[in-house]
file my_file34.txt (compact mmCIF, C-alpha atoms)
# COMPACT_ATOMS: atom_id res chain seq x y z
CA MET A 1 20.13 54.57 15.76
CA ALA A 2 20.91 52.13 18.56
CA PHE A 3 24.40 51.20 19.55
CA ARG A 4 25.35 47.49 19.25
CA GLU A 5 28.13 45.81 21.09
CA PRO A 6 30.54 43.78 18.98
CA VAL A 7 30.10 39.98 19.10
CA TYR A 8 33.16 38.07 20.16
CA TRP A 9 33.53 34.44 19.09
CA ASP A 10 35.40 31.74 20.91
CA THR A 11 37.24 30.12 18.03
CA GLY A 12 38.93 27.38 20.06
CA ASP A 13 36.97 24.40 18.63
CA VAL A 14 35.56 26.07 15.56
CA THR A 15 36.94 25.84 12.03
CA PRO A 16 37.15 28.97 9.88
CA VAL A 17 33.78 28.17 8.31
CA GLY A 18 32.07 27.95 11.71
CA VAL A 19 31.79 24.17 12.08
CA ARG A 20 32.81 22.54 15.37
CA ARG A 21 35.54 19.94 15.01
CA GLU A 22 35.25 16.78 17.07
CA SER A 23 38.20 15.15 18.71
CA LEU A 24 39.41 11.68 17.77
CA GLY A 25 38.03 10.31 21.04
CA GLU A 26 34.61 11.75 20.30
CA LEU A 27 34.67 10.29 16.78
CA ILE A 28 35.63 6.84 18.10
CA GLY A 29 32.90 7.07 20.72
CA ASP A 30 30.37 8.00 18.04
CA LEU A 31 31.58 5.11 15.88
CA ALA A 32 31.19 2.67 18.77
CA SER A 33 27.74 4.01 19.58
CA ASN A 34 26.64 3.87 15.95
CA THR A 35 28.07 0.36 15.54
CA ALA A 36 26.15 -0.85 18.61
CA SER A 37 22.99 0.72 17.23
CA LEU A 38 23.61 -0.92 13.87
CA VAL A 39 24.03 -4.34 15.49
CA ARG A 40 20.78 -3.87 17.43
CA ASP A 41 18.98 -2.93 14.22
CA GLU A 42 20.40 -5.98 12.42
CA VAL A 43 19.25 -8.28 15.22
CA ALA A 44 15.78 -6.75 15.01
CA LEU A 45 15.81 -7.30 11.25
CA VAL A 46 16.77 -10.96 11.70
CA ARG A 47 13.95 -11.46 14.19
CA GLN A 48 11.42 -9.81 11.88
CA GLU A 49 12.56 -11.78 8.84
CA LEU A 50 12.49 -15.11 10.69
CA HIS A 51 9.06 -14.28 12.09
CA GLN A 52 7.72 -13.70 8.58
CA LYS A 53 9.22 -16.95 7.30
CA LEU A 54 7.80 -18.90 10.24
CA LYS A 55 4.35 -17.46 9.53
CA THR A 56 4.67 -18.82 5.98
CA VAL A 57 5.62 -22.27 7.28
CA GLN A 58 2.74 -22.19 9.77
CA ALA A 59 0.28 -21.40 6.99
CA VAL A 60 1.56 -24.30 4.87
CA VAL A 61 1.40 -26.70 7.81
CA ALA A 62 -2.15 -25.57 8.60
CA VAL A 63 -3.20 -26.19 4.98
CA ILE A 64 -1.65 -29.65 5.09
CA ALA A 65 -3.37 -30.47 8.39
CA VAL A 66 -6.79 -29.31 7.20
CA GLY A 67 -6.36 -31.22 3.95
CA ALA A 68 -5.36 -34.35 5.82
CA PHE A 69 -8.32 -34.11 8.19
CA ILE A 70 -10.82 -33.61 5.37
CA ALA A 71 -9.22 -36.44 3.43
CA LEU A 72 -9.58 -38.68 6.46
CA ILE A 73 -13.30 -37.98 6.83
CA ALA A 74 -13.99 -38.27 3.11
CA GLY A 75 -11.87 -41.36 2.89
CA MET A 76 -13.79 -43.10 5.63
CA ALA A 77 -17.15 -42.34 4.03
CA LEU A 78 -16.06 -43.28 0.54
CA CYS A 79 -14.14 -46.27 1.76
CA ALA A 80 -17.24 -47.88 3.20
CA THR A 81 -19.23 -47.14 0.05
CA VAL A 82 -16.59 -48.47 -2.33
CA ILE A 83 -16.00 -51.59 -0.27
CA LEU A 84 -19.69 -52.44 -0.29
CA ALA A 85 -20.05 -51.63 -4.00
CA LEU A 86 -17.08 -53.78 -4.98
CA ALA A 87 -18.26 -56.66 -2.88
CA LYS A 88 -21.81 -56.53 -4.23
CA PHE A 89 -21.45 -55.63 -7.92
CA ILE A 90 -18.16 -57.22 -8.88
CA GLY A 91 -18.57 -60.17 -6.59
CA ILE A 92 -14.97 -60.33 -5.35
CA GLY A 93 -15.98 -60.63 -1.74
CA LEU A 94 -15.81 -58.24 1.17
CA LEU A 95 -12.24 -59.10 2.09
CA MET A 96 -10.79 -58.45 -1.40
CA SER A 97 -12.74 -55.23 -1.88
CA THR A 98 -11.49 -53.97 1.49
CA LEU A 99 -7.93 -54.74 0.44
CA LEU A 100 -8.24 -52.90 -2.89
CA VAL A 101 -9.76 -49.80 -1.30
CA GLY A 102 -7.11 -49.81 1.42
CA LEU A 103 -4.30 -49.89 -1.18
CA ALA A 104 -5.86 -47.06 -3.19
CA LEU A 105 -6.18 -44.90 -0.07
CA ALA A 106 -2.59 -45.62 0.93
CA ILE A 107 -1.37 -44.43 -2.50
CA LEU A 108 -3.47 -41.26 -2.24
CA ALA A 109 -2.21 -40.52 1.28
CA GLY A 110 1.40 -40.99 0.15
CA ALA A 111 0.91 -38.52 -2.69
CA LEU A 112 -0.60 -35.87 -0.38
CA ILE A 113 2.16 -36.25 2.19
CA SER A 114 4.78 -36.02 -0.55
CA ILE A 115 3.27 -32.76 -1.84
CA GLY A 116 3.26 -31.26 1.66
CA ILE A 117 6.87 -32.24 2.35
CA SER A 118 8.03 -30.80 -0.97
CA LYS A 119 6.34 -27.46 -0.11
CA ILE A 120 8.11 -27.36 3.25
CA LYS A 121 11.47 -28.14 1.63
CA ARG A 122 11.01 -25.28 -0.86
CA THR A 123 10.49 -22.77 1.97
CA ASN A 124 13.75 -20.94 2.57
CA LEU A 125 14.27 -20.06 6.24
CA LYS A 126 17.60 -18.34 5.67
CA PRO A 127 17.43 -14.58 6.49
CA GLU A 128 18.93 -13.49 3.16
CA GLN A 129 18.27 -9.76 3.49
CA THR A 130 19.91 -9.63 6.91
CA ILE A 131 22.97 -11.55 5.73
CA GLU A 132 23.31 -9.17 2.79
CA THR A 133 23.14 -6.07 4.99
CA LEU A 134 25.56 -7.58 7.50
CA GLU A 135 28.07 -8.15 4.70
CA GLU A 136 27.57 -4.56 3.52
CA ASN A 137 28.09 -3.30 7.06
CA LYS A 138 31.24 -5.40 7.39
CA GLU A 139 32.65 -3.84 4.23
CA TRP A 140 31.64 -0.38 5.41
CA LEU A 141 33.40 -0.89 8.75
CA LYS A 142 36.54 -2.12 6.96
CA GLU A 143 36.58 1.07 4.89
CA ILE A 144 36.22 3.27 7.97
CA THR A 145 38.98 1.64 10.00
call {"tool": "encode", "arguments": {"input": "my_file34.txt", "output": "structure tokens"}}
result
Amino acid sequence: MAFREPVYWDTGDVTPVGVRRESLGELIGDLASNTASLVRDEVALVRQELHQKLKTVQAVVAVIAVGAFIALIAGMALCATVILALAKFIGIGLLMSTLLVGLALAILAGALISIGISKIKRTNLKPEQTIETLEENKEWLKEIT
């Protein structure tokens, strides 16, 4: 049987259960470090959330632009056809048929623009999740201090 030397413990910073106790300065330093890390994480969350919302707005604007372009091309082709048909078959003259088609297209364009604007207004750009977590963090910091 081998002889073992006794193990001596330095119990200066150790509690009776063997856990090291930190000083108040170390705890405050950890709190400051963790708070700075938390703020960095919140800023990253805001950036990510705003980026996602801007992607949504970009998609809506792209849909509106494509729709407007297609409407312009179709409107030009149909406009010429309707103007000629009105002038020939109804007999109201080229000037009156041009005026009627122009008014109808203006009403259609107004409706499309109104739909696009209402979609943009319904898009919420406010970073709600970030605001909620910031308020939770504020309450948490109040409890700690």
call {"tool": "closest_residue", "arguments": {"input": "my_file34.txt", "among": "A:Val63, A:Leu125, A:Val82, A:Ala44", "to": "Ile113 (chain A)", "atoms": "only C-alpha atoms"}}
result
A:Val63
call {"tool": "closest_residue", "arguments": {"input": "my_file34.txt", "among": "A:Val57, A:Val39, A:Ile90, A:Val46", "to": "Asn137 (chain A)", "atoms": "only C-alpha atoms"}}
result
A:Val39
call {"tool": "atom_distance", "arguments": {"input": "my_file34.txt", "atom1": "CA of Arg122 (chain A)", "atom2": "CA of Asp41 (chain A)"}}
result
28.1 Å
call {"tool": "atom_distance", "arguments": {"input": "my_file34.txt", "atom1": "CA of Gly75 (chain A)", "atom2": "CA of Leu105 (chain A)"}}
result
7.3 Å
call {"tool": "atom_distance", "arguments": {"input": "my_file34.txt", "atom1": "CA of Ile83 (chain A)", "atom2": "CA of Gly102 (chain A)"}}
result
9.2 Å
call {"tool": "closest_residue", "arguments": {"input": "my_file34.txt", "among": "A:Arg47, A:Lys142, A:Arg21, A:Arg40", "to": "Lys126 (chain A)", "atoms": "all atoms listed in the file"}}
result
A:Arg47
call {"tool": "closest_residue", "arguments": {"input": "my_file34.txt", "among": "A:Gly29, A:Gly116, A:Gly93, A:Pro127", "to": "Gln48 (chain A)", "atoms": "only C-alpha atoms"}}
result
A:Pro127
call {"tool": "closest_residue", "arguments": {"input": "my_file34.txt", "among": "A:Ile73, A:Ala109, A:Ala80, A:Ala59", "to": "Ser97 (chain A)", "atoms": "only C-alpha atoms"}}
result
A:Ala80
call {"tool": "closest_residue", "arguments": {"input": "my_file34.txt", "among": "A:Cys79, A:Leu54, A:Ala36, A:Val66", "to": "Ala104 (chain A)", "atoms": "only C-alpha atoms"}}
result
A:Cys79
call {"tool": "residues_around", "arguments": {"input": "my_file34.txt", "residues": "Glu128 (chain A)", "least_positions_apart": "4", "cutoff": "10 Å", "atoms": "only C-alpha atoms", "output": "JSON, numbers by chain"}}
result
{"A": [46, 49, 124, 132, 133, 134]}
call {"tool": "axis_aligned_box", "arguments": {"input": "my_file34.txt", "around": "region 92-107 of chain A", "padding_each_side": "3 Å", "output": "AutoDock Vina command-line options"}}
result
--center_x -8.7 --center_y -52.5 --center_z -1.6 --size_x 20.6 --size_y 22.2 --size_z 13.4
call {"tool": "build_atoms", "arguments": {"input": "my_file34.txt", "residues": "region 67-83 of chain A", "atoms": "N, CA and C atoms", "output": "JSON list (two decimals), in the frame of the given file"}}
result
[["chain", "number", "residue", "atom", "x", "y", "z"],
["A", 67, "GLY", "N", -6.19, -30.30, 5.07],
["A", 67, "GLY", "CA", -6.36, -31.22, 3.95],
["A", 67, "GLY", "C", -6.34, -32.67, 4.40],
["A", 68, "ALA", "N", -5.45, -32.98, 5.32],
["A", 68, "ALA", "CA", -5.36, -34.35, 5.82],
["A", 68, "ALA", "C", -6.62, -34.74, 6.61],
["A", 69, "PHE", "N", -7.12, -33.82, 7.40],
["A", 69, "PHE", "CA", -8.32, -34.11, 8.19],
["A", 69, "PHE", "C", -9.54, -34.33, 7.28],
["A", 70, "ILE", "N", -9.70, -33.47, 6.31],
["A", 70, "ILE", "CA", -10.82, -33.61, 5.37],
["A", 70, "ILE", "C", -10.67, -34.90, 4.56],
["A", 71, "ALA", "N", -9.46, -35.19, 4.17],
["A", 71, "ALA", "CA", -9.22, -36.44, 3.43],
["A", 71, "ALA", "C", -9.55, -37.65, 4.28],
["A", 72, "LEU", "N", -9.28, -37.57, 5.56],
["A", 72, "LEU", "CA", -9.58, -38.68, 6.46],
["A", 72, "LEU", "C", -11.09, -38.92, 6.55],
["A", 73, "ILE", "N", -11.84, -37.85, 6.73],
["A", 73, "ILE", "CA", -13.30, -37.98, 6.83],
["A", 73, "ILE", "C", -13.89, -38.48, 5.51],
["A", 74, "ALA", "N", -13.47, -37.85, 4.42],
["A", 74, "ALA", "CA", -13.99, -38.27, 3.11],
["A", 74, "ALA", "C", -13.56, -39.69, 2.80],
["A", 75, "GLY", "N", -12.36, -40.01, 3.14],
["A", 75, "GLY", "CA", -11.87, -41.36, 2.89],
["A", 75, "GLY", "C", -12.65, -42.42, 3.63],
["A", 76, "MET", "N", -13.01, -42.12, 4.86],
["A", 76, "MET", "CA", -13.79, -43.10, 5.63],
["A", 76, "MET", "C", -15.18, -43.32, 5.01],
["A", 77, "ALA", "N", -15.81, -42.21, 4.62],
["A", 77, "ALA", "CA", -17.15, -42.34, 4.03],
["A", 77, "ALA", "C", -17.09, -43.06, 2.69],
["A", 78, "LEU", "N", -16.17, -42.64, 1.85],
["A", 78, "LEU", "CA", -16.06, -43.28, 0.54],
["A", 78, "LEU", "C", -15.54, -44.70, 0.63],
["A", 79, "CYS", "N", -14.70, -44.93, 1.59],
["A", 79, "CYS", "CA", -14.14, -46.27, 1.76],
["A", 79, "CYS", "C", -15.25, -47.29, 2.01],
["A", 80, "ALA", "N", -16.14, -46.96, 2.90],
["A", 80, "ALA", "CA", -17.24, -47.88, 3.20],
["A", 80, "ALA", "C", -18.12, -48.10, 1.97],
["A", 81, "THR", "N", -18.38, -47.02, 1.25],
["A", 81, "THR", "CA", -19.23, -47.14, 0.05],
["A", 81, "THR", "C", -18.56, -47.98, -1.03],
["A", 82, "VAL", "N", -17.31, -47.73, -1.28],
["A", 82, "VAL", "CA", -16.59, -48.47, -2.33],
["A", 82, "VAL", "C", -16.43, -49.94, -1.94],
["A", 83, "ILE", "N", -16.14, -50.20, -0.71],
["A", 83, "ILE", "CA", -16.00, -51.59, -0.27],
["A", 83, "ILE", "C", -17.29, -52.36, -0.49]]
